[in-house]
Amino acid sequence: MTSVSACRELVVEYGHGDGRVRALDHVSLDVAPGERLALRGRSGSGKTTLLHALGGLVEPTGGEVELEGRPLATLDEEARRRMRATRIAYVFQGANLLPTFTGFENVAFAIRAAASPDAPTDPLMLLGLVGLAGKAEHLPGEMSGGERQRVALARALGQHPGLLLCDEPTGQLDSDTGARILDLIDALQREFGFALVTATHDEDVAARHDRVVELEEGRVVRESA
Ligand SMILES: Nc1ncnc2c1ncn2[C@@H]1O[C@H](COP(=O)(O)OP(=O)(O)OP(=O)(O)O)[C@@H](O)[C@H]1O
Ligand SMILES: [Mg+2]
């Protein structure tokens with residue numbers, strides 16, 4: 001079966017000259033449709049960089065990235081933009097909502113951008129799935145961190161993604177709220193069947209996934225099922 005995202009011998013470097021940093025050092029990884037994968041490692045080990053690379057957001061210094069079997073290098077800007085809008089969704093640590101848009105508008109915007117025939121079209125239904133229909137008219141600044149994270153999830157679902165990338169989805173939440181967000185992601189993953197890749201430094205968060213890939217200094221050092 002075609003991977004939803006894959007990288008082969010991926011090298012990513014930032015900066016120039018003496019300041020050059022190798023964030024990923026020959027990483028090869030396949031994300032199968034519907035699988036739940038955790039990327040674990042200390043701060044600076046390359047988790048976010050790998051997450052971005054799997055979403056086609058990073059230009060590799062070396063090696064290759066494939067999105068749904070298509071080499072990133074062969075996709076032009078428009079094709080990449082469409083893949084990112086329609087097939088790949090992100091939930092970032094700080095939720096990254098549009099601050100001047102309400103919860104409803106944040107979700108509606110993602111649905112419009114995805115314009116996928118299979119995508120859910122009702123922002124209120126999606127906000128209902130994450131238990132936030134009552135906050136639809138609130139701005140992100142009028143919500144708690146956990147509520148913003150749930151709007152970010154509803155927004156991601158609006159894209160009907162084949163792949164959901166979560167960067168420290170519970171990093172800024174207390175442990176109870178964090179656990180509720182993770183339960184919600186699990187439930188939505190079972191219902192919608194997207195592949196899930198979660199970057200986390202937290203062993204307990206990682207253990208909730210089917211497979212854990214451990215990074216150290218930009219290299220995969222361990223993999224456990
Ligand atoms: N835009 C950038 N410019 C220069 N170096 C960067 C940039 N982004 C990341 N790096 C460096 O690349 C390496 C990997 O960073 P990355 O953000 O992928 O780590 P991480 O595992 O996500 O860390 P954290 O747990 O702190 O989020 C680090 O050494 C970091 O300093
Ligand atoms: Mg990170």
# chains A, B, ... in the order shown; residues from 1 in each chain; ligands from 1

call {"tool": "select_by_dssp", "arguments": {"residues": "range 133-211 of chain A", "states": "alpha helix (DSSP H)", "output": "VMD selection string"}}
result
chain A and resid 145 to 158 175 to 192 203 to 207

call {"tool": "write_last_selection", "arguments": {"atoms": "N, CA, C and O atoms", "output": "CSV table (one decimal), in the first residue's frame"}}
result
chain,number,residue,atom,x,y,z
A,145,GLY,N,-6.6,27.2,26.8
A,145,GLY,CA,-5.7,26.5,25.9
A,145,GLY,C,-6.2,25.2,25.4
A,145,GLY,O,-6.1,24.8,24.2
A,146,GLY,N,-6.9,24.4,26.2
A,146,GLY,CA,-7.5,23.1,25.8
A,146,GLY,C,-8.6,23.3,24.8
A,146,GLY,O,-8.8,22.6,23.8
A,147,GLU,N,-9.4,24.4,24.9
A,147,GLU,CA,-10.4,24.7,24.0
A,147,GLU,C,-9.8,25.1,22.6
A,147,GLU,O,-10.3,24.7,21.6
A,148,ARG,N,-8.8,25.9,22.7
A,148,ARG,CA,-8.1,26.3,21.4
A,148,ARG,C,-7.6,25.0,20.7
A,148,ARG,O,-7.7,24.9,19.5
A,149,GLN,N,-7.0,24.1,21.5
A,149,GLN,CA,-6.5,22.9,20.9
A,149,GLN,C,-7.6,22.1,20.3
A,149,GLN,O,-7.4,21.5,19.2
A,150,ARG,N,-8.8,22.1,20.9
A,150,ARG,CA,-9.9,21.4,20.3
A,150,ARG,C,-10.4,22.0,19.0
A,150,ARG,O,-10.8,21.4,18.1
A,151,VAL,N,-10.4,23.4,19.0
A,151,VAL,CA,-10.8,24.1,17.7
A,151,VAL,C,-9.8,23.7,16.6
A,151,VAL,O,-10.1,23.4,15.5
A,152,ALA,N,-8.5,23.6,17.0
A,152,ALA,CA,-7.5,23.3,16.0
A,152,ALA,C,-7.7,21.9,15.5
A,152,ALA,O,-7.5,21.6,14.3
A,153,LEU,N,-8.2,21.0,16.4
A,153,LEU,CA,-8.6,19.6,15.9
A,153,LEU,C,-9.8,19.6,15.0
A,153,LEU,O,-9.8,19.0,13.9
A,154,ALA,N,-10.8,20.4,15.3
A,154,ALA,CA,-12.0,20.5,14.5
A,154,ALA,C,-11.6,21.1,13.1
A,154,ALA,O,-12.0,20.6,12.1
A,155,ARG,N,-10.7,22.0,13.1
A,155,ARG,CA,-10.2,22.6,11.9
A,155,ARG,C,-9.5,21.6,11.0
A,155,ARG,O,-9.6,21.5,9.8
A,156,ALA,N,-8.6,20.8,11.7
A,156,ALA,CA,-7.9,19.8,11.0
A,156,ALA,C,-8.9,18.8,10.4
A,156,ALA,O,-8.7,18.4,9.2
A,157,LEU,N,-9.9,18.4,11.1
A,157,LEU,CA,-10.9,17.5,10.5
A,157,LEU,C,-11.6,18.0,9.3
A,157,LEU,O,-12.0,17.3,8.4
A,158,GLY,N,-11.8,19.4,9.3
A,158,GLY,CA,-12.4,20.1,8.2
A,158,GLY,C,-11.7,19.8,6.9
A,158,GLY,O,-12.2,20.0,5.8
A,175,SER,N,-2.2,18.0,32.9
A,175,SER,CA,-2.2,16.6,32.5
A,175,SER,C,-3.6,16.0,32.3
A,175,SER,O,-3.8,15.2,31.4
A,176,ASP,N,-4.6,16.5,33.1
A,176,ASP,CA,-6.0,16.0,32.8
A,176,ASP,C,-6.5,16.5,31.5
A,176,ASP,O,-7.1,15.7,30.7
A,177,THR,N,-6.3,17.8,31.2
A,177,THR,CA,-6.8,18.3,29.9
A,177,THR,C,-6.0,17.7,28.8
A,177,THR,O,-6.6,17.3,27.8
A,178,GLY,N,-4.7,17.5,29.0
A,178,GLY,CA,-3.9,16.8,28.0
A,178,GLY,C,-4.4,15.4,27.7
A,178,GLY,O,-4.6,15.0,26.5
A,179,ALA,N,-4.8,14.7,28.7
A,179,ALA,CA,-5.3,13.3,28.5
A,179,ALA,C,-6.6,13.3,27.7
A,179,ALA,O,-6.8,12.5,26.9
A,180,ARG,N,-7.4,14.3,28.0
A,180,ARG,CA,-8.7,14.4,27.3
A,180,ARG,C,-8.5,14.7,25.8
A,180,ARG,O,-9.2,14.2,25.0
A,181,ILE,N,-7.5,15.6,25.5
A,181,ILE,CA,-7.2,15.9,24.1
A,181,ILE,C,-6.7,14.6,23.4
A,181,ILE,O,-7.1,14.3,22.3
A,182,LEU,N,-5.8,13.9,24.1
A,182,LEU,CA,-5.3,12.7,23.5
A,182,LEU,C,-6.4,11.6,23.3
A,182,LEU,O,-6.4,10.9,22.2
A,183,ASP,N,-7.3,11.5,24.2
A,183,ASP,CA,-8.5,10.6,24.1
A,183,ASP,C,-9.3,11.0,22.9
A,183,ASP,O,-9.8,10.2,22.1
A,184,LEU,N,-9.5,12.3,22.7
A,184,LEU,CA,-10.3,12.8,21.6
A,184,LEU,C,-9.6,12.6,20.3
A,184,LEU,O,-10.3,12.1,19.3
A,185,ILE,N,-8.3,12.8,20.2
A,185,ILE,CA,-7.6,12.5,19.0
A,185,ILE,C,-7.7,11.0,18.6
A,185,ILE,O,-8.0,10.6,17.5
A,186,ASP,N,-7.6,10.1,19.7
A,186,ASP,CA,-7.8,8.7,19.4
A,186,ASP,C,-9.1,8.4,18.9
A,186,ASP,O,-9.3,7.6,17.9
A,187,ALA,N,-10.2,8.9,19.5
A,187,ALA,CA,-11.5,8.7,19.0
A,187,ALA,C,-11.8,9.1,17.6
A,187,ALA,O,-12.4,8.5,16.8
A,188,LEU,N,-11.3,10.3,17.3
A,188,LEU,CA,-11.4,10.9,16.0
A,188,LEU,C,-10.6,10.1,14.9
A,188,LEU,O,-11.1,9.9,13.8
A,189,GLN,N,-9.4,9.6,15.4
A,189,GLN,CA,-8.6,8.8,14.5
A,189,GLN,C,-9.4,7.5,14.1
A,189,GLN,O,-9.4,7.1,12.9
A,190,ARG,N,-10.0,6.9,15.1
A,190,ARG,CA,-10.7,5.7,14.8
A,190,ARG,C,-11.9,5.9,13.9
A,190,ARG,O,-12.2,5.1,13.0
A,191,GLU,N,-12.6,7.1,14.1
A,191,GLU,CA,-13.7,7.3,13.3
A,191,GLU,C,-13.4,7.7,11.9
A,191,GLU,O,-14.0,7.3,10.9
A,192,PHE,N,-12.3,8.5,11.7
A,192,PHE,CA,-12.0,9.1,10.4
A,192,PHE,C,-10.9,8.3,9.7
A,192,PHE,O,-10.7,8.4,8.5
A,203,GLU,N,7.1,10.2,27.2
A,203,GLU,CA,7.0,8.7,27.0
A,203,GLU,C,5.6,8.2,27.1
A,203,GLU,O,5.2,7.3,26.3
A,204,ASP,N,4.8,8.7,28.0
A,204,ASP,CA,3.4,8.2,28.1
A,204,ASP,C,2.6,8.6,26.9
A,204,ASP,O,1.7,7.8,26.4
A,205,VAL,N,2.8,9.8,26.4
A,205,VAL,CA,2.1,10.2,25.1
A,205,VAL,C,2.5,9.3,24.0
A,205,VAL,O,1.7,8.8,23.2
A,206,ALA,N,3.8,9.0,23.9
A,206,ALA,CA,4.3,8.2,22.8
A,206,ALA,C,3.7,6.8,22.9
A,206,ALA,O,3.4,6.2,21.8
A,207,ALA,N,3.6,6.3,24.1
A,207,ALA,CA,3.2,4.9,24.3
A,207,ALA,C,1.7,4.7,23.8
A,207,ALA,O,1.3,3.5,23.6

call {"tool": "select_by_dssp", "arguments": {"residues": "range 3-225 of chain A", "states": "strand (DSSP E)", "output": "count of residues only"}}
result
61

call {"tool": "residues_around", "arguments": {"residues": "Leu67 in chain A", "least_positions_apart": "2", "cutoff": "8 Å", "atoms": "only C-alpha atoms", "output": "list in words"}}
result
Ser3, Val4, Ser5, Ala6, Leu54, Gly55, Gly56, Val65, Gly69, Arg70, Pro71 and Leu72 of chain A

call {"tool": "residues_near_ligand", "arguments": {"ligand": "ligand 2", "cutoff": "7 Å", "atoms": "only C-alpha atoms and all ligand atoms", "output": "ChimeraX atom specification"}}
result
/A:43-44,46-48,167

call {"tool": "closest_atom_pairs", "arguments": {"of": "chain A", "to": "ligand 1", "cutoff": "9 Å", "atoms": "only C-alpha atoms and all ligand atoms", "output": "CSV"}}
result
residue,atom,partner,partner_atom_place_in_ligand_line,distance
A:Val12,CA,ligand 1,12 (O),8.5
A:Glu13,CA,ligand 1,12 (O),7.5
A:Tyr14,CA,ligand 1,4 (C),4.6
A:Gly15,CA,ligand 1,4 (C),5.6
A:Gly19,CA,ligand 1,4 (C),8.2
A:Arg20,CA,ligand 1,4 (C),7.5
A:Val21,CA,ligand 1,5 (N),5.9
A:Arg22,CA,ligand 1,12 (O),6.5
A:Ala23,CA,ligand 1,12 (O),4.1
A:Leu24,CA,ligand 1,14 (C),7.2
A:Leu39,CA,ligand 1,21 (O),8.7
A:Arg40,CA,ligand 1,21 (O),7.8
A:Gly41,CA,ligand 1,21 (O),6.0
A:Arg42,CA,ligand 1,25 (O),5.6
A:Ser43,CA,ligand 1,25 (O),3.3
A:Gly44,CA,ligand 1,19 (O),3.5
A:Ser45,CA,ligand 1,21 (O),3.9
A:Gly46,CA,ligand 1,18 (O),3.2
A:Lys47,CA,ligand 1,21 (O),3.8
A:Thr48,CA,ligand 1,22 (O),3.7
A:Thr49,CA,ligand 1,18 (O),3.7
A:Leu50,CA,ligand 1,18 (O),6.4
A:Leu51,CA,ligand 1,18 (O),8.0
A:His52,CA,ligand 1,18 (O),8.5
A:Asp167,CA,ligand 1,27 (O),8.0
A:Glu168,CA,ligand 1,27 (O),7.8
A:Ala199,CA,ligand 1,22 (O),7.3
A:Thr200,CA,ligand 1,25 (O),7.0
A:His201,CA,ligand 1,25 (O),6.2
A:Leu215,CA,ligand 1,21 (O),7.8
A:Glu216,CA,ligand 1,21 (O),8.4
A:Glu217,CA,ligand 1,14 (C),7.5
A:Gly218,CA,ligand 1,14 (C),6.8

call {"tool": "write_last_selection", "arguments": {"atoms": "N, CA and C atoms", "output": "compact mmCIF listing (two decimals), in the first residue's frame"}}
result
# COMPACT_ATOMS: atom_id res chain seq x y z
N VAL A 12 18.22 17.30 6.50
CA VAL A 12 17.76 18.70 6.52
C VAL A 12 18.75 19.51 7.32
N GLU A 13 19.26 20.56 6.70
CA GLU A 13 20.17 21.47 7.39
C GLU A 13 19.59 22.88 7.39
N TYR A 14 19.84 23.59 8.46
CA TYR A 14 19.42 24.99 8.58
C TYR A 14 20.66 25.87 8.57
N GLY A 15 20.51 27.07 8.08
CA GLY A 15 21.57 28.07 8.20
C GLY A 15 22.69 27.88 7.19
N GLY A 19 27.38 28.55 10.97
CA GLY A 19 26.15 28.41 11.75
C GLY A 19 25.29 27.26 11.28
N ARG A 20 25.78 26.47 10.35
CA ARG A 20 24.97 25.41 9.78
C ARG A 20 24.65 24.32 10.81
N VAL A 21 23.37 23.95 10.87
CA VAL A 21 22.95 22.91 11.81
C VAL A 21 22.31 21.78 11.02
N ARG A 22 22.75 20.55 11.28
CA ARG A 22 22.10 19.40 10.63
C ARG A 22 20.99 18.91 11.55
N ALA A 23 19.75 19.20 11.19
CA ALA A 23 18.61 18.85 12.06
C ALA A 23 18.18 17.41 11.84
N LEU A 24 18.31 16.91 10.60
CA LEU A 24 18.00 15.51 10.31
C LEU A 24 19.15 14.92 9.50
N LEU A 39 6.83 10.32 17.23
CA LEU A 39 8.23 10.69 17.11
C LEU A 39 8.66 11.20 18.47
N ARG A 40 9.60 10.47 19.08
CA ARG A 40 9.99 10.85 20.43
C ARG A 40 11.45 11.25 20.45
N GLY A 41 11.80 12.16 21.32
CA GLY A 41 13.19 12.56 21.46
C GLY A 41 13.28 13.82 22.29
N ARG A 42 14.50 14.13 22.72
CA ARG A 42 14.70 15.32 23.55
C ARG A 42 14.53 16.57 22.72
N SER A 43 14.52 17.69 23.41
CA SER A 43 14.46 18.98 22.75
C SER A 43 15.65 19.11 21.80
N GLY A 44 15.37 19.49 20.57
CA GLY A 44 16.44 19.69 19.59
C GLY A 44 16.81 18.43 18.82
N SER A 45 16.11 17.30 19.07
CA SER A 45 16.49 16.05 18.41
C SER A 45 16.00 15.98 16.96
N GLY A 46 15.08 16.89 16.58
CA GLY A 46 14.65 16.92 15.18
C GLY A 46 13.19 16.55 14.94
N LYS A 47 12.41 16.43 16.01
CA LYS A 47 11.01 15.98 15.87
C LYS A 47 10.18 16.93 15.01
N THR A 48 10.24 18.22 15.33
CA THR A 48 9.43 19.18 14.59
C THR A 48 9.88 19.24 13.13
N THR A 49 11.19 19.20 12.93
CA THR A 49 11.71 19.24 11.56
C THR A 49 11.20 18.05 10.76
N LEU A 50 11.20 16.86 11.40
CA LEU A 50 10.73 15.67 10.70
C LEU A 50 9.22 15.75 10.43
N LEU A 51 8.49 16.27 11.40
CA LEU A 51 7.04 16.44 11.23
C LEU A 51 6.77 17.37 10.03
N HIS A 52 7.49 18.48 9.99
CA HIS A 52 7.32 19.41 8.87
C HIS A 52 7.72 18.76 7.55
N ASP A 167 2.10 18.39 16.73
CA ASP A 167 3.37 18.74 17.38
C ASP A 167 3.11 19.07 18.84
N GLU A 168 3.55 18.20 19.73
CA GLU A 168 3.35 18.38 21.17
C GLU A 168 1.91 18.85 21.45
N ALA A 199 4.56 14.35 17.41
CA ALA A 199 5.89 14.63 17.97
C ALA A 199 5.72 14.91 19.45
N THR A 200 6.50 14.22 20.28
CA THR A 200 6.37 14.41 21.72
C THR A 200 7.67 14.04 22.42
N HIS A 201 7.95 14.74 23.53
CA HIS A 201 9.09 14.33 24.35
C HIS A 201 8.61 13.39 25.46
N LEU A 215 14.28 9.69 18.14
CA LEU A 215 15.31 10.50 17.48
C LEU A 215 16.35 10.98 18.49
N GLU A 216 17.58 10.98 18.05
CA GLU A 216 18.66 11.60 18.81
C GLU A 216 19.54 12.32 17.83
N GLU A 217 19.72 13.62 18.07
CA GLU A 217 20.58 14.42 17.20
C GLU A 217 20.32 14.18 15.73
N GLY A 218 19.03 14.15 15.38
CA GLY A 218 18.65 14.06 13.98
C GLY A 218 18.70 12.67 13.37

call {"tool": "closest_residue", "arguments": {"among": "A:Pro161, A:Gly134, A:Pro99, A:Pro140", "to": "Ile111 in chain A", "atoms": "only C-alpha atoms"}}
result
A:Pro161

call {"tool": "closest_atom_pairs", "arguments": {"of": "range 73-185 of chain A", "to": "range 26-34 of chain A", "cutoff": "10 Å", "atoms": "only C-alpha atoms", "output": "CSV"}}
result
residue,atom,partner,partner_atom,distance
A:Gly162,CA,A:Pro33,CA,7.2
A:Leu163,CA,A:Pro33,CA,7.8
A:Leu164,CA,A:Gly34,CA,9.8

call {"tool": "atom_distance", "arguments": {"atom1": "CA of Arg84 in chain A", "atom2": "CA of His16 in chain A"}}
result
27.5 Å

call {"tool": "residues_around", "arguments": {"residues": "Gln172 in chain A", "least_positions_apart": "2", "cutoff": "8 Å", "atoms": "only C-alpha atoms", "output": "list of chain:residue names"}}
result
A:Gln93, A:Gly94, A:Gly145, A:Pro169, A:Thr170, A:Asp174

call {"tool": "atom_distance", "arguments": {"atom1": "CA of Phe109 in chain A", "atom2": "CA of Gln159 in chain A"}}
result
9.8 Å

call {"tool": "atom_distance", "arguments": {"atom1": "CA of His160 in chain A", "atom2": "CA of Asp118 in chain A"}}
result
6.9 Å
